[in-house]
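Undergrad: Quick one: the structure is below, and I'll ask about it shortly.
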Amino acid sequence: MPPRVNNKPAVLAALVLGLFWCVEGIDVNAPQLDRVVLLLTGLGLAWAALRDVPLVAGCTAYYAVLVAASERLHREPLADGSDVMRATKESLDVVFAGGNPYTHVLQSTVPVGSPFVYPPGELAWYAGPYVLFGDITRVDTWAGIAIVAAIAVVGFRVGMANVALPAMLYASWGVGGFRAVDGQNDVSGSLLVVLALVGLGFADREGRWSRVAFVLSAVFFGWAIAFKQFALLVLPPVIRYVAVRGGDWKRYALIVAGVVAVFVAPFFVQDPGAFVEKQIAALTFHDEIWGANILHTLSQYGDVTMLVPMFMILSLAGTLGLAVLAVRWDIPTLGAAALAGAGIVMLPLLLARWTTQPYYVYVGAIAACGVALLTSRIRTE
């Protein structure tokens, strides 16, 4: 008899989710060839899973990558979307001309003169595609596909049956696909965190390649923090996990800090005051109550202006408290650490006065990767 598919219900759930996406995504007036082929492929894989055909879990994980590609590549970048990509391109032009984006007055933002609040790692991420192609509007499209691919790849370490469903969850998430083409940078930012987590997932054995994966994980995490400040909140439970499993957490933290310093130092030394001011502006620039958060929800029933200071205190105290709890918890798996980090990020988003949907897409990628890594442990021997 052929070997049974481990975690068959999760594999079948991933395939059913993919089939749901195909049915929803096929244009009944002009059916897209790739999506019809994906529908037929999903049906075939589901039958194979029911029959315990070997390797079907791995095929399902990579089927999710194809779903992710179809979901995102069919979407056209929004011409009137967020101004983040426009601000990034303008800031890159300033850097290539020898200027400082943190003292430059941006002309492409809405309103004109908005601060460039992203750390230098964001500029470094988009610099390559900008130089090569002169355009960065599709970078996050490919980043979204890469997130699913990275989750699928870690299946070689934790088992393909464990990654098939979380990979499909993110692949078929329509909001994740939409926010990859609306001019935001959160998909790319979350990819760096996912790469850091996946790298750590491969650092679970003795040997040279495991040590390389450990270092690369720390490098990606440092880059993630130097890209967007959210990643800093994910770091405490990950560091704690490394420590609990007997890993060299001090070395990991040192590499992360070193990478952040490499990105930040050249711009900080040019004008420390301007750089710090722009980083603080990331928290203070949006002063209106808006978005998917508690304050905006309550504002529909009355004036909540008086609650803003209390929510700010709750956000700071609660985020710090969760970080402290995370570093005192004997975190059992890497996935648990990732999910704890995602939860820490969620608190200030919910308590903020301004929260845009892409922030939750950032968290969603980390959460999907965390679910995939729930069985992953660094070896202590």
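FYI, nothing fancy with the structure tokens labels: chains A, B, ... in order, residues from 1 per chain, ligands from 1 as they appear.
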Enumerate the residues of segment 41-163 of chain A with a DSSP assignment of alpha helix (DSSP H), computed from the backbone, and present them as a short mmCIF file (atom, residue, chain, number, x, y, z; two decimals) with N, CA, C and O atoms, in the first residue's frame.
TA:
```
data_model
loop_
_atom_site.label_atom_id
_atom_site.label_comp_id
_atom_site.auth_asym_id
_atom_site.auth_seq_id
_atom_site.Cartn_x
_atom_site.Cartn_y
_atom_site.Cartn_z
N THR A 41 -6.37 21.23 -11.96
CA THR A 41 -5.23 20.69 -11.21
C THR A 41 -5.60 20.45 -9.76
O THR A 41 -5.25 19.42 -9.17
N GLY A 42 -6.32 21.39 -9.17
CA GLY A 42 -6.75 21.22 -7.78
C GLY A 42 -7.64 20.01 -7.59
O GLY A 42 -7.52 19.28 -6.60
N LEU A 43 -8.54 19.79 -8.54
CA LEU A 43 -9.41 18.61 -8.47
C LEU A 43 -8.58 17.32 -8.54
O LEU A 43 -8.82 16.36 -7.79
N GLY A 44 -7.58 17.33 -9.42
CA GLY A 44 -6.72 16.16 -9.53
C GLY A 44 -5.92 15.91 -8.28
O GLY A 44 -5.78 14.77 -7.81
N LEU A 45 -5.39 16.98 -7.69
CA LEU A 45 -4.61 16.83 -6.46
C LEU A 45 -5.49 16.36 -5.30
O LEU A 45 -5.06 15.57 -4.45
N ALA A 46 -6.73 16.85 -5.25
CA ALA A 46 -7.64 16.42 -4.19
C ALA A 46 -7.92 14.92 -4.29
O ALA A 46 -7.94 14.20 -3.28
N TRP A 47 -8.14 14.45 -5.51
CA TRP A 47 -8.35 13.00 -5.71
C TRP A 47 -7.10 12.22 -5.30
O TRP A 47 -7.19 11.18 -4.65
N ALA A 48 -5.94 12.75 -5.64
CA ALA A 48 -4.68 12.09 -5.27
C ALA A 48 -4.52 12.05 -3.75
O ALA A 48 -4.04 11.06 -3.19
N ALA A 49 -4.89 13.15 -3.07
CA ALA A 49 -4.78 13.17 -1.61
C ALA A 49 -5.71 12.15 -0.98
O ALA A 49 -5.35 11.47 -0.01
N LEU A 50 -6.92 12.03 -1.51
CA LEU A 50 -7.86 11.03 -1.00
C LEU A 50 -7.32 9.62 -1.19
O LEU A 50 -7.59 8.71 -0.38
N VAL A 56 1.86 14.17 -2.62
CA VAL A 56 0.75 15.08 -2.90
C VAL A 56 0.79 16.30 -2.00
O VAL A 56 0.38 17.41 -2.41
N ALA A 57 1.30 16.16 -0.77
CA ALA A 57 1.37 17.32 0.12
C ALA A 57 2.32 18.37 -0.45
O ALA A 57 2.03 19.57 -0.44
N GLY A 58 3.48 17.92 -0.95
CA GLY A 58 4.42 18.86 -1.55
C GLY A 58 3.84 19.51 -2.79
O GLY A 58 4.02 20.71 -3.02
N CYS A 59 3.16 18.73 -3.61
CA CYS A 59 2.52 19.30 -4.80
C CYS A 59 1.47 20.33 -4.41
O CYS A 59 1.32 21.36 -5.09
N THR A 60 0.78 20.10 -3.31
CA THR A 60 -0.23 21.05 -2.86
C THR A 60 0.42 22.36 -2.41
O THR A 60 -0.08 23.46 -2.70
N ALA A 61 1.56 22.25 -1.72
CA ALA A 61 2.26 23.46 -1.28
C ALA A 61 2.69 24.31 -2.47
O ALA A 61 2.56 25.54 -2.46
N TYR A 62 3.17 23.67 -3.51
CA TYR A 62 3.62 24.43 -4.68
C TYR A 62 2.46 24.80 -5.60
O TYR A 62 2.56 25.76 -6.37
N TYR A 63 1.37 24.10 -5.48
CA TYR A 63 0.12 24.53 -6.12
C TYR A 63 -0.30 25.88 -5.54
O TYR A 63 -0.78 26.77 -6.26
N ALA A 64 -0.08 26.06 -4.23
CA ALA A 64 -0.39 27.35 -3.59
C ALA A 64 0.44 28.48 -4.18
O ALA A 64 -0.04 29.61 -4.31
N VAL A 65 1.69 28.20 -4.55
CA VAL A 65 2.52 29.23 -5.18
C VAL A 65 1.92 29.67 -6.51
O VAL A 65 1.90 30.86 -6.85
N LEU A 66 1.41 28.70 -7.28
CA LEU A 66 0.78 29.04 -8.56
C LEU A 66 -0.50 29.84 -8.35
O LEU A 66 -0.79 30.78 -9.12
N VAL A 67 -1.25 29.50 -7.32
CA VAL A 67 -2.44 30.29 -6.99
C VAL A 67 -2.04 31.71 -6.63
O VAL A 67 -2.67 32.69 -7.08
N ALA A 68 -0.99 31.85 -5.83
CA ALA A 68 -0.51 33.18 -5.44
C ALA A 68 -0.11 34.00 -6.66
O ALA A 68 -0.41 35.20 -6.75
N ALA A 69 0.56 33.35 -7.60
CA ALA A 69 0.99 34.06 -8.81
C ALA A 69 -0.21 34.52 -9.64
O ALA A 69 -0.26 35.67 -10.10
N SER A 70 -1.18 33.65 -9.81
CA SER A 70 -2.36 34.02 -10.59
C SER A 70 -3.15 35.12 -9.90
O SER A 70 -3.60 36.08 -10.54
N GLU A 71 -3.31 35.01 -8.60
CA GLU A 71 -4.05 36.02 -7.83
C GLU A 71 -3.43 37.39 -7.97
O GLU A 71 -4.13 38.40 -8.11
N ARG A 72 -2.10 37.46 -7.98
CA ARG A 72 -1.41 38.76 -7.96
C ARG A 72 -1.07 39.30 -9.34
O ARG A 72 -1.16 40.50 -9.58
N LEU A 73 -0.67 38.43 -10.25
CA LEU A 73 -0.23 38.91 -11.57
C LEU A 73 -1.39 39.37 -12.44
O LEU A 73 -1.18 40.15 -13.38
N VAL A 84 3.06 55.81 -1.22
CA VAL A 84 4.28 55.27 -0.64
C VAL A 84 5.32 54.95 -1.72
O VAL A 84 6.50 55.31 -1.59
N MET A 85 4.90 54.30 -2.80
CA MET A 85 5.84 53.98 -3.87
C MET A 85 6.36 55.23 -4.55
O MET A 85 7.53 55.32 -4.91
N ARG A 86 5.48 56.22 -4.72
CA ARG A 86 5.94 57.48 -5.31
C ARG A 86 6.97 58.16 -4.42
O ARG A 86 7.99 58.68 -4.91
N ALA A 87 6.71 58.15 -3.13
CA ALA A 87 7.66 58.75 -2.19
C ALA A 87 8.98 57.99 -2.18
O ALA A 87 10.06 58.60 -2.09
N THR A 88 8.90 56.67 -2.30
CA THR A 88 10.12 55.86 -2.32
C THR A 88 10.95 56.14 -3.56
O THR A 88 12.17 56.30 -3.50
N LYS A 89 10.28 56.21 -4.72
CA LYS A 89 11.00 56.52 -5.97
C LYS A 89 11.64 57.91 -5.90
O LYS A 89 12.80 58.08 -6.31
N GLU A 90 10.92 58.87 -5.39
CA GLU A 90 11.48 60.22 -5.27
C GLU A 90 12.67 60.22 -4.31
O GLU A 90 13.69 60.87 -4.58
N SER A 91 12.55 59.49 -3.22
CA SER A 91 13.64 59.43 -2.25
C SER A 91 14.86 58.72 -2.83
O SER A 91 16.00 59.11 -2.55
N LEU A 92 14.63 57.70 -3.64
CA LEU A 92 15.76 57.04 -4.30
C LEU A 92 16.46 57.98 -5.26
O LEU A 92 17.69 57.99 -5.35
N ASP A 93 15.69 58.79 -5.97
CA ASP A 93 16.30 59.79 -6.86
C ASP A 93 17.18 60.75 -6.06
O ASP A 93 18.26 61.14 -6.52
N VAL A 94 16.71 61.13 -4.90
CA VAL A 94 17.48 62.02 -4.03
C VAL A 94 18.78 61.35 -3.60
O VAL A 94 19.86 61.97 -3.63
N VAL A 95 18.69 60.09 -3.20
CA VAL A 95 19.89 59.36 -2.75
C VAL A 95 20.88 59.21 -3.89
O VAL A 95 22.08 59.46 -3.73
N PHE A 96 20.40 58.83 -5.08
CA PHE A 96 21.30 58.64 -6.23
C PHE A 96 21.94 59.96 -6.68
O PHE A 96 23.00 59.96 -7.30
N PRO A 120 16.19 53.36 6.22
CA PRO A 120 16.94 53.18 4.96
C PRO A 120 16.86 51.79 4.36
O PRO A 120 17.11 51.62 3.17
N GLY A 121 16.53 50.79 5.16
CA GLY A 121 16.40 49.45 4.61
C GLY A 121 15.32 49.37 3.55
O GLY A 121 15.39 48.54 2.63
N GLU A 122 14.30 50.22 3.66
CA GLU A 122 13.24 50.25 2.65
C GLU A 122 13.80 50.73 1.32
O GLU A 122 13.51 50.17 0.26
N LEU A 123 14.62 51.76 1.37
CA LEU A 123 15.24 52.27 0.14
C LEU A 123 16.16 51.23 -0.48
O LEU A 123 16.18 51.06 -1.70
N ALA A 124 16.91 50.52 0.36
CA ALA A 124 17.83 49.50 -0.15
C ALA A 124 17.06 48.38 -0.84
O ALA A 124 17.51 47.83 -1.85
N TRP A 125 15.89 48.03 -0.31
CA TRP A 125 15.09 46.95 -0.89
C TRP A 125 14.65 47.28 -2.31
O TRP A 125 14.70 46.45 -3.21
N TYR A 126 14.20 48.50 -2.51
CA TYR A 126 13.67 48.89 -3.81
C TYR A 126 14.74 49.44 -4.76
O TYR A 126 14.46 49.62 -5.96
N ALA A 127 15.94 49.70 -4.26
CA ALA A 127 16.97 50.32 -5.09
C ALA A 127 17.36 49.44 -6.27
O ALA A 127 17.51 49.94 -7.40
N GLY A 128 17.53 48.14 -6.04
CA GLY A 128 17.93 47.24 -7.11
C GLY A 128 16.94 47.21 -8.27
O GLY A 128 17.31 47.46 -9.42
N PRO A 129 15.66 46.90 -7.98
CA PRO A 129 14.68 46.93 -9.07
C PRO A 129 14.57 48.29 -9.75
O PRO A 129 14.34 48.37 -10.97
N TYR A 130 14.72 49.36 -8.98
CA TYR A 130 14.62 50.70 -9.58
C TYR A 130 15.76 50.95 -10.56
O TYR A 130 15.55 51.50 -11.65
N VAL A 131 16.96 50.52 -10.19
CA VAL A 131 18.11 50.69 -11.08
C VAL A 131 17.97 49.80 -12.31
O VAL A 131 18.25 50.23 -13.44
N LEU A 132 17.53 48.56 -12.11
CA LEU A 132 17.46 47.61 -13.21
C LEU A 132 16.31 47.89 -14.17
O LEU A 132 16.46 47.76 -15.40
N PHE A 133 15.16 48.27 -13.62
CA PHE A 133 13.95 48.36 -14.45
C PHE A 133 13.37 49.77 -14.51
O PHE A 133 12.46 50.02 -15.30
N VAL A 139 7.23 45.30 -7.51
CA VAL A 139 8.09 44.62 -6.54
C VAL A 139 7.24 43.88 -5.50
O VAL A 139 7.51 42.73 -5.16
N ASP A 140 6.21 44.53 -4.99
CA ASP A 140 5.40 43.89 -3.95
C ASP A 140 4.53 42.78 -4.51
O ASP A 140 4.15 41.87 -3.77
N THR A 141 4.22 42.83 -5.80
CA THR A 141 3.53 41.70 -6.42
C THR A 141 4.37 40.44 -6.30
O THR A 141 3.89 39.39 -5.85
N TRP A 142 5.63 40.56 -6.68
CA TRP A 142 6.52 39.40 -6.61
C TRP A 142 6.87 39.05 -5.17
O TRP A 142 7.09 37.87 -4.84
N ALA A 143 6.89 40.05 -4.29
CA ALA A 143 7.14 39.78 -2.88
C ALA A 143 6.02 38.91 -2.29
O ALA A 143 6.28 38.00 -1.50
N GLY A 144 4.78 39.19 -2.69
CA GLY A 144 3.67 38.38 -2.20
C GLY A 144 3.77 36.94 -2.66
O GLY A 144 3.48 36.00 -1.89
N ILE A 145 4.17 36.73 -3.91
CA ILE A 145 4.39 35.37 -4.41
C ILE A 145 5.54 34.71 -3.66
O ILE A 145 5.48 33.52 -3.31
N ALA A 146 6.60 35.48 -3.40
CA ALA A 146 7.77 34.95 -2.70
C ALA A 146 7.43 34.53 -1.28
O ALA A 146 8.02 33.58 -0.75
N ILE A 147 6.49 35.22 -0.63
CA ILE A 147 6.08 34.83 0.73
C ILE A 147 5.52 33.41 0.70
O ILE A 147 5.87 32.56 1.54
N VAL A 148 4.64 33.14 -0.26
CA VAL A 148 4.05 31.80 -0.37
C VAL A 148 5.13 30.77 -0.70
O VAL A 148 5.16 29.66 -0.14
N ALA A 149 6.04 31.14 -1.60
CA ALA A 149 7.13 30.22 -1.97
C ALA A 149 8.01 29.91 -0.77
O ALA A 149 8.44 28.76 -0.58
N ALA A 150 8.30 30.93 0.04
CA ALA A 150 9.15 30.71 1.22
C ALA A 150 8.47 29.78 2.21
O ALA A 150 9.12 28.90 2.80
N ILE A 151 7.16 29.96 2.41
CA ILE A 151 6.43 29.06 3.31
C ILE A 151 6.46 27.64 2.76
O ILE A 151 6.62 26.66 3.51
N ALA A 152 6.33 27.50 1.44
CA ALA A 152 6.37 26.17 0.83
C ALA A 152 7.75 25.54 0.98
O ALA A 152 7.87 24.35 1.27
N VAL A 153 8.79 26.34 0.80
CA VAL A 153 10.16 25.81 0.87
C VAL A 153 10.48 25.27 2.26
O VAL A 153 11.15 24.23 2.40
N GLY A 155 8.73 23.69 4.03
CA GLY A 155 8.17 22.36 4.14
C GLY A 155 9.21 21.26 4.02
O GLY A 155 9.00 20.14 4.52
N PHE A 156 10.34 21.53 3.36
CA PHE A 156 11.41 20.54 3.28
C PHE A 156 11.98 20.25 4.66
O PHE A 156 12.59 19.19 4.87
N ARG A 157 11.79 21.18 5.60
CA ARG A 157 12.29 20.97 6.94
C ARG A 157 11.20 20.49 7.90
O ARG A 157 11.43 19.60 8.71
N VAL A 158 10.01 21.07 7.82
CA VAL A 158 8.97 20.76 8.80
C VAL A 158 7.91 19.81 8.26
O VAL A 158 7.01 19.39 9.00
N MET A 160 5.85 18.90 4.29
CA MET A 160 5.00 19.60 3.34
C MET A 160 3.54 19.65 3.80
O MET A 160 2.82 20.62 3.53
N ALA A 161 3.09 18.62 4.49
CA ALA A 161 1.71 18.62 4.96
C ALA A 161 1.45 19.72 5.98
O ALA A 161 0.32 20.18 6.14
N ASN A 162 2.51 20.17 6.66
CA ASN A 162 2.36 21.23 7.65
C ASN A 162 2.33 22.62 7.04
O ASN A 162 1.90 23.57 7.69
N VAL A 163 2.82 22.76 5.82
CA VAL A 163 2.89 24.10 5.21
C VAL A 163 1.84 24.31 4.13
O VAL A 163 1.62 25.45 3.72
#
```
Undergrad: Can you pull out the residues contacting Leu197 of chain A? Cut-off 9 Å, using only C-alpha atoms, and skip same-chain residues under 5 positions away; I want them as a ChimeraX atom specification.
TA: /A:192,202,217,220-221,238,334-335,338,366,369-370,373
Undergrad: For Leu106 of chain A, work out the shell of residues within 9 Å, counting only C-alpha atoms and skipping chain neighbours fewer than 3 positions away, then give it as a PyMOL selection string.
TA: chain A and resi 87+90-91+101+109+112-116
Undergrad: Quick one: pull the distance between atom CA of Ala265 of chain A and atom CA of Ile136 of chain A, Å, one decimal.
TA: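 Interatomic distance here is 24.7 Å.
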Undergrad: Neighbours of Gln270 of chain A within 8 Å (only C-alpha atoms; same-chain residues fewer than 3 positions away dropped), as an MDAnalysis selection string?
TA: chainID A and resid 100 266:267
Undergrad: Restricting the calculation to only C-alpha atoms, which member of A:Gly189, A:Pro31, A:Gly222, A:Gly176 is positioned closest to Gly258 of chain A?
TA: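 Answer, going by the shortest atom-to-atom distance: A:Gly222.
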Undergrad: Mind pulling up the distance from atom CA of Ile239 of chain A to atom CA of Ala352 of chain A?
TA: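 Distance reported for this atom pair: 26.0 Å.
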Undergrad: Based on DSSP run over this structure's backbone, return all residues of segment 204-375 of chain A in strand (DSSP E), as a list in words.
TA: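 Taking segment 204-375 of chain A and keeping strand (DSSP E) gives Trp290, Gly291, Trp354 and Thr355 of chain A.
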Undergrad: Taking into account only C-alpha atoms, which residue in the set A:Val181, A:Val154, A:Val260, A:Ala243 is nearest to Asp83 of chain A?
TA: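 The answer is A:Val181, which sits nearest to Asp83 of chain A.
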Undergrad: As an exercise, work out the distance from atom CA of Tyr362 of chain A to atom CA of Val187 of chain A in Å and give it to one decimal place.
TA: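 Atom CA of Tyr362 of chain A sits 5.9 Å away from atom CA of Val187 of chain A.
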Undergrad: If you count only C-alpha atoms, which residues fall within 7 Å of segment 276-280 of chain A, apart from same-chain ones fewer than 2 positions away, as an mmCIF file with all heavy atoms, in the first residue's frame?
TA:
```
data_model
loop_
_atom_site.group_PDB
_atom_site.id
_atom_site.type_symbol
_atom_site.label_atom_id
_atom_site.label_comp_id
_atom_site.auth_asym_id
_atom_site.auth_seq_id
_atom_site.Cartn_x
_atom_site.Cartn_y
_atom_site.Cartn_z
ATOM 1 N N TYR A 102 15.937 62.270 4.146
ATOM 2 C CA TYR A 102 15.327 62.647 5.420
ATOM 3 C C TYR A 102 15.369 64.150 5.680
ATOM 4 O O TYR A 102 14.819 64.618 6.684
ATOM 5 C CB TYR A 102 15.978 61.859 6.558
ATOM 6 C CG TYR A 102 15.811 60.377 6.360
ATOM 7 C CD1 TYR A 102 16.861 59.586 5.893
ATOM 8 C CD2 TYR A 102 14.582 59.764 6.581
ATOM 9 C CE1 TYR A 102 16.695 58.225 5.670
ATOM 10 C CE2 TYR A 102 14.408 58.411 6.357
ATOM 11 C CZ TYR A 102 15.467 57.638 5.905
ATOM 12 O OH TYR A 102 15.290 56.298 5.674
ATOM 13 N N PRO A 115 6.482 63.649 5.354
ATOM 14 C CA PRO A 115 7.811 63.132 5.674
ATOM 15 C C PRO A 115 8.032 61.738 5.105
ATOM 16 O O PRO A 115 7.083 60.951 4.960
ATOM 17 C CB PRO A 115 7.807 63.106 7.204
ATOM 18 C CG PRO A 115 6.365 62.923 7.573
ATOM 19 C CD PRO A 115 5.589 63.688 6.531
ATOM 20 N N PHE A 116 9.293 61.442 4.784
ATOM 21 C CA PHE A 116 9.648 60.074 4.404
ATOM 22 C C PHE A 116 9.998 59.333 5.690
ATOM 23 O O PHE A 116 11.071 59.516 6.268
ATOM 24 C CB PHE A 116 10.829 60.058 3.438
ATOM 25 C CG PHE A 116 11.146 58.676 2.929
ATOM 26 C CD1 PHE A 116 10.321 58.062 2.002
ATOM 27 C CD2 PHE A 116 12.245 57.990 3.407
ATOM 28 C CE1 PHE A 116 10.591 56.766 1.557
ATOM 29 C CE2 PHE A 116 12.530 56.703 2.964
ATOM 30 C CZ PHE A 116 11.687 56.087 2.035
ATOM 31 N N VAL A 117 9.077 58.493 6.159
ATOM 32 C CA VAL A 117 9.174 57.929 7.512
ATOM 33 C C VAL A 117 9.809 56.543 7.562
ATOM 34 O O VAL A 117 9.965 55.976 8.647
ATOM 35 C CB VAL A 117 7.780 57.868 8.170
ATOM 36 C CG1 VAL A 117 7.189 59.266 8.281
ATOM 37 C CG2 VAL A 117 6.844 56.949 7.372
ATOM 38 N N TYR A 118 10.176 55.989 6.411
ATOM 39 C CA TYR A 118 10.686 54.619 6.404
ATOM 40 C C TYR A 118 12.199 54.611 6.599
ATOM 41 O O TYR A 118 12.918 55.435 6.023
ATOM 42 C CB TYR A 118 10.308 53.918 5.100
ATOM 43 C CG TYR A 118 8.820 53.922 4.885
ATOM 44 C CD1 TYR A 118 8.238 54.764 3.947
ATOM 45 C CD2 TYR A 118 7.996 53.119 5.653
ATOM 46 C CE1 TYR A 118 6.864 54.800 3.777
ATOM 47 C CE2 TYR A 118 6.624 53.134 5.492
ATOM 48 C CZ TYR A 118 6.058 53.989 4.555
ATOM 49 O OH TYR A 118 4.699 54.029 4.409
ATOM 50 N N PRO A 272 21.524 63.744 12.272
ATOM 51 C CA PRO A 272 20.851 62.937 13.299
ATOM 52 C C PRO A 272 19.460 63.461 13.656
ATOM 53 O O PRO A 272 18.511 62.689 13.812
ATOM 54 C CB PRO A 272 21.795 63.022 14.502
ATOM 55 C CG PRO A 272 23.128 63.332 13.903
ATOM 56 C CD PRO A 272 22.857 64.179 12.707
ATOM 57 N N GLY A 273 19.332 64.773 13.787
ATOM 58 C CA GLY A 273 18.043 65.343 14.170
ATOM 59 C C GLY A 273 16.960 65.074 13.156
ATOM 60 O O GLY A 273 15.839 64.684 13.504
ATOM 61 N N ALA A 274 17.286 65.259 11.871
ATOM 62 C CA ALA A 274 16.299 65.036 10.818
ATOM 63 C C ALA A 274 15.908 63.567 10.743
ATOM 64 O O ALA A 274 14.725 63.240 10.563
ATOM 65 C CB ALA A 274 16.855 65.507 9.480
ATOM 66 N N ALA A 282 6.680 58.637 11.942
ATOM 67 C CA ALA A 282 5.952 57.421 11.570
ATOM 68 C C ALA A 282 4.816 57.147 12.555
ATOM 69 O O ALA A 282 3.799 56.533 12.195
ATOM 70 C CB ALA A 282 6.907 56.230 11.529
ATOM 71 N N LEU A 283 4.971 57.600 13.799
ATOM 72 C CA LEU A 283 3.953 57.392 14.824
ATOM 73 C C LEU A 283 3.008 58.577 14.975
ATOM 74 O O LEU A 283 1.893 58.428 15.470
ATOM 75 C CB LEU A 283 4.625 57.119 16.179
ATOM 76 C CG LEU A 283 5.579 55.922 16.248
ATOM 77 C CD1 LEU A 283 6.263 55.893 17.604
ATOM 78 C CD2 LEU A 283 4.837 54.622 15.981
ATOM 79 N N THR A 284 3.449 59.759 14.565
ATOM 80 C CA THR A 284 2.691 60.974 14.875
ATOM 81 C C THR A 284 2.115 61.678 13.661
ATOM 82 O O THR A 284 1.289 62.578 13.812
ATOM 83 C CB THR A 284 3.593 61.970 15.633
ATOM 84 O OG1 THR A 284 4.708 62.331 14.791
ATOM 85 C CG2 THR A 284 4.123 61.347 16.919
#
```
Undergrad: Restricting the calculation to only C-alpha atoms, which member of A:His286, A:His104, A:Arg179, A:Arg35 is positioned closest to Arg75 of chain A?
TA: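 Nearest candidate to Arg75 of chain A out of A:His286, A:His104, A:Arg179, A:Arg35: A:Arg179.
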Undergrad: For Leu347 of chain A, please output as a PDB file with N, CA and C atoms, in the first residue's frame all residues within 10 Å (counting only C-alpha atoms; exclusion window: fewer than 6 positions along the same chain).
TA:
```
ATOM      1  N   ASN A 293      -9.558  50.184  13.467  1.00  0.00           N
ATOM      2  CA  ASN A 293      -9.097  50.166  14.850  1.00  0.00           C
ATOM      3  C   ASN A 293     -10.268  50.445  15.785  1.00  0.00           C
ATOM      4  N   LEU A 314      -2.347  52.989  26.857  1.00  0.00           N
ATOM      5  CA  LEU A 314      -2.627  51.553  26.809  1.00  0.00           C
ATOM      6  C   LEU A 314      -1.798  50.853  25.742  1.00  0.00           C
ATOM      7  N   SER A 315      -1.637  51.513  24.605  1.00  0.00           N
ATOM      8  CA  SER A 315      -0.862  50.926  23.521  1.00  0.00           C
ATOM      9  C   SER A 315       0.597  50.747  23.920  1.00  0.00           C
ATOM     10  N   LEU A 316       1.187  51.786  24.465  1.00  0.00           N
ATOM     11  CA  LEU A 316       2.603  51.706  24.867  1.00  0.00           C
ATOM     12  C   LEU A 316       2.798  50.695  25.987  1.00  0.00           C
ATOM     13  N   GLY A 318       0.728  48.270  26.979  1.00  0.00           N
ATOM     14  CA  GLY A 318       0.346  46.924  26.575  1.00  0.00           C
ATOM     15  C   GLY A 318       1.382  46.267  25.679  1.00  0.00           C
ATOM     16  N   THR A 319       1.931  47.039  24.735  1.00  0.00           N
ATOM     17  CA  THR A 319       2.957  46.490  23.846  1.00  0.00           C
ATOM     18  C   THR A 319       4.195  46.102  24.626  1.00  0.00           C
ATOM     19  N   LEU A 322       3.385  42.941  26.681  1.00  0.00           N
ATOM     20  CA  LEU A 322       3.390  41.714  25.882  1.00  0.00           C
ATOM     21  C   LEU A 322       4.810  41.291  25.520  1.00  0.00           C
TER      22      LEU A 322
END
```
Undergrad: Pro236 of chain A: which residues within 9 Å, counting only C-alpha atoms, same-chain residues fewer than 6 positions away excluded, as an NGL selection string?
TA: :A and (323-324 or 326-327 or 337 or 341)
